[in-house]
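Before any comments, here is the structure.
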Amino acid sequence: MVRQADRQPSVLRSLDWWTILIYVALLTFGWISVCGASYTYGDTDIFSLTTRSGMQIVWIGTSVMLGFVILMLDDRFYDTFAYILYAVLLLLLFATIFNPHSIKGSRSWLVLGPLRVQPAEFAKFATALALAKLMSTYGYNIHKLKHFAATLVVILLPMLFIVLQRETGSALVYLAFFLMFYREGMPGSILFTGVAMVIYFVVGIRFADVMLAHTPTSIGRFVVLLLIQLFTTGMVYIYCRDRQQTFRILFYIVGITLLSLLFSLFVIPFDIVWVQLVLMALLIGYLLWLGLSTRLRNYFFIALFALGSVGFFYGADFILNNVMEVHQRTRINVLLGLDEDLRGAGYNVHQSEIAIGSGGLEGKGFLNGTQTKLKFVPEQDTDFIFCTVGEEEGFFGSAGVLLLFLALILRLIHLAERQTFRFGRIYGYCVLSIFLFHVFINVGMVLGLTPVIGIPLPFFSYGGSSLWGFTILLFIFLRIDAGRNLGRK
């Protein structure tokens with residue numbers, strides 16, 4: 001073993017101080033933003049513990065101490081106890097489901113006297129450690145179904161418990177781990193399938209009630225089914241290398257669809273979607289026949305993609321209109337431009353856009369924002385804190401904050417790629433994926449580009465749980481990185 005006297009200086013010298021510098025800068029700008037968002041005209045002491053800005057200093061101070069403790073532990077601790085930490089957090093998540101305290105309709109908080117803790121924020125680092133442990137075991141292969149299924153179970157369990165706590169937004173963060181899967185060899189077809197599903201949902205729902213020319217055909221359904229057919233045809237060309245079959249399928253799909261469209265326009269109007277569904281059934285059957293006759297498994301997978309795409313599209317439409325709560329459905333409709341609802345579901349986004357726009361290029365200055373000072377923007381010091389940055393610091397300040405996050409992301413990529421062990425690299429990409437998801441979705445929802453799902457902006461949003469959670473997530477990786485070249489005896 002390395003002597004204790006020799007270990008600490010080596011760890012400090014091996015730390016990536018550039019990342020720590022970015023972390024400190026984000027904490028500093030985050031506190032300034034919380035101060036601006038929570039300040040009320042007439043406040044005389046922004047450092048008082050009775051104010052949000054004062055309490056945020058406490059959370060920042062405890063986060064720094066927590067990061068120091070993490071750095072002092074042996075880096076092998078996180079590998080050794082990864083499953084135990086994951087199991088403990090799962091138990092906490094499960095216990096929180098039965099929490100009698102409901103805050104804003106969510107049961108995701110454990111109330112311990114004056115302290116409120118959200119286990120979902122800490123489950124992220126535990127899940128990342130468990131994934132890194134599992135995927136770095138000897139013989140693991142992401143291309144083997146049983147191995148990939150095991151990793152999905154590790155992700156889905158905390159997601160399930162968090163959904164049962166009525167925190168759907170926090171549960172969606174765990175989908176970010178698929179970015180790490182892609183880096184570790186997950187087939188690009190799976191990532192493409194995910195992107196395709198998003199396209200199906202957005203196009204299908206957005207244009208569901210828009211009719212095609214003078215026919216009773218929904219443009220949304222027509223376009224989605226046509227996209228599924230074209231995507232399927234493209235996959236035959238890419239994964240089966242069969243140019244003849246590709247052009248044959250494409251000829252029949254385009255030809256029959258075009259003839260049906262012309263017949264519906266100029267002879268008898270009818271819903272072309274029915275023809276497309278028959279074409280889909282014939283296409284899937286033909287792909288299965290090709291798979292059996294050529295004994296090429298890729299045809300079966302492509303047929304499964306086509307069938308799954310149709311099932312997803314109609315299933316998503318059913319869930320949206322028959323399963324989702326009214327407020328959830330309204331939020332999606334507002335995002336897609338189907339409803340405006342500036343006094344209801346669209347109020348937060350509309351007010352945040354006004355605040356950001358009023359900042360202009362240079363902003364109104366620290367504590368001078370009118371929209372935020374007059375409390376027009378709900379949750380302006382938590383989920384919508386970026387609007388405070390936009391109003392007080394303007395375009396230049398907002399761009400500076402985004403550049404800081406970009407620097408953090410790029411630095412994390414650099415650190416992950418230089419790891420000497422697979423455990424460190426996988427955990428590093430888990431950290432990167434979570435930060436990227438949070439920043440993209442949070443800033444996007446403030447600008448009205450992504451759904452409002454209620455997730456914090458790392459190191460900016462007010463609160464101890466999120467700040468501690470992100471600090472633990474980041475500093476564990478910094479400790480693993482610092483130990484990559486330490487001598488072992």
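Convention: chains lettered A, B, ... in structure tokens order; per-chain residue numbering from 1; ligands numbered from 1 as shown.
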
Region 173-183 of chain A environment, 9 Å, only C-alpha atoms, sequence neighbours closer than 2 positions dropped, as a VMD selection string:
chain A and resid 124 127 to 128 142 155 to 156 158 to 159 169 to 171 185 to 188 190 to 191 426 to 438 455

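Using only C-alpha atoms, the residues found no farther than 8 Å from region 313-319 of chain A, other than those of its own chain fewer than 5 positions away, are Met197, Tyr200, Phe201, Gly204, Ile205 and Met324 of chain A.
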
Please, could you write that set of residues out with N, CA and C atoms as an mmCIF file, in the first residue's frame?
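What ended up in again_12.cif:
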data_model
loop_
_atom_site.group_PDB
_atom_site.id
_atom_site.type_symbol
_atom_site.label_atom_id
_atom_site.label_comp_id
_atom_site.auth_asym_id
_atom_site.auth_seq_id
_atom_site.Cartn_x
_atom_site.Cartn_y
_atom_site.Cartn_z
ATOM 1 N N MET A 197 -37.947 8.107 -32.759
ATOM 2 C CA MET A 197 -39.151 8.131 -31.926
ATOM 3 C C MET A 197 -39.551 9.566 -31.583
ATOM 4 N N TYR A 200 -41.158 11.042 -34.657
ATOM 5 C CA TYR A 200 -42.522 10.523 -34.831
ATOM 6 C C TYR A 200 -43.493 11.261 -33.905
ATOM 7 N N PHE A 201 -43.076 11.402 -32.652
ATOM 8 C CA PHE A 201 -43.966 12.000 -31.659
ATOM 9 C C PHE A 201 -44.258 13.456 -31.995
ATOM 10 N N GLY A 204 -46.096 13.748 -35.495
ATOM 11 C CA GLY A 204 -47.420 13.127 -35.433
ATOM 12 C C GLY A 204 -48.411 13.918 -34.598
ATOM 13 N N ILE A 205 -47.966 14.384 -33.430
ATOM 14 C CA ILE A 205 -48.871 15.129 -32.547
ATOM 15 C C ILE A 205 -49.099 16.547 -33.065
ATOM 16 N N MET A 324 -52.156 10.506 -19.836
ATOM 17 C CA MET A 324 -51.520 11.658 -19.195
ATOM 18 C C MET A 324 -52.531 12.551 -18.486
#

What lies within 12 Å of Ile356 (chain A) using only C-alpha atoms, ignoring chain neighbours under 5 positions off, as a PyMOL selection string?
chain A and resi 349-351+361-364+369-372+377+380+384-398+443+446-448

May I ask which of the residues A:Lys375, A:Lys146, A:Arg76, A:Arg484 is the closest one to Gln419 (chain A), counting only C-alpha atoms?
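Nearest candidate to Gln419 (chain A) out of A:Lys375, A:Lys146, A:Arg76, A:Arg484: A:Arg484.
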
With the cut-off set at 8 Å and counting only C-alpha atoms, tabulate each residue of region 387-483 of chain A with an atom at most that distance from an atom of region 57-66 of chain A, showing the nearest atom pair and its distance in Å to one decimal, ordered by chain and increasing number, as a Markdown table.
| residue | atom | partner | partner_atom | distance |
| --- | --- | --- | --- | --- |
| A:Gly463 | CA | A:Trp59 | CA | 7.2 |
| A:Gly464 | CA | A:Trp59 | CA | 5.2 |
| A:Leu467 | CA | A:Ser63 | CA | 6.8 |
| A:Trp468 | CA | A:Ser63 | CA | 5.5 |
| A:Thr471 | CA | A:Ser63 | CA | 6.3 |
| A:Ile472 | CA | A:Leu66 | CA | 7.4 |

Nearest residue to Arg425 (chain A) out of A:Pro269, A:Asn322, A:Ala132, A:Ala208, using only C-alpha atoms?
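Comparing A:Pro269, A:Asn322, A:Ala132, A:Ala208 against Arg425 (chain A), the winner is A:Ala132.
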
Quick one: of A:Ala416, A:Gln165, A:Thr215, A:Met135, who's nearest to Val267 (chain A), counting only C-alpha atoms?
A:Thr215

Ranking A:Val273, A:Leu152, A:Ile453, A:Val34 by minimum distance to Met55 (chain A) and counting only C-alpha atoms, which one comes first?
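With only C-alpha atoms as the atom set, the closest residue is A:Val34.
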
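Shortest atom-to-atom contact with Tyr78 (chain A) among A:Gly360, A:Arg206, A:Ala130, A:Tyr462: A:Ala130, counting only C-alpha atoms.
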
Could you pull out the residues in region 135-374 of chain A that DSSP calls helix (DSSP H, G or I) from the backbone, as number ranges by chain?
A: 135, 145-164, 168-183, 188-206, 219-240, 243-266, 273-294, 297-322, 326-335, 347-359, 370-373

For Ser189 (chain A), the closest of A:Met235, A:Ala213, A:Ile228, A:Leu296 counting only C-alpha atoms is A:Met235

Mind giving me the straight-line distance from CA of Ile272 (chain A) to CA of Arg243 (chain A) in Å, one decimal?
27.9 Å

Interatomic distance (Å, one decimal) between CA of Ser461 (chain A) and CA of Trp31 (chain A)
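Atom-to-atom, CA of Ser461 (chain A) and CA of Trp31 (chain A) are spaced 8.7 Å apart.
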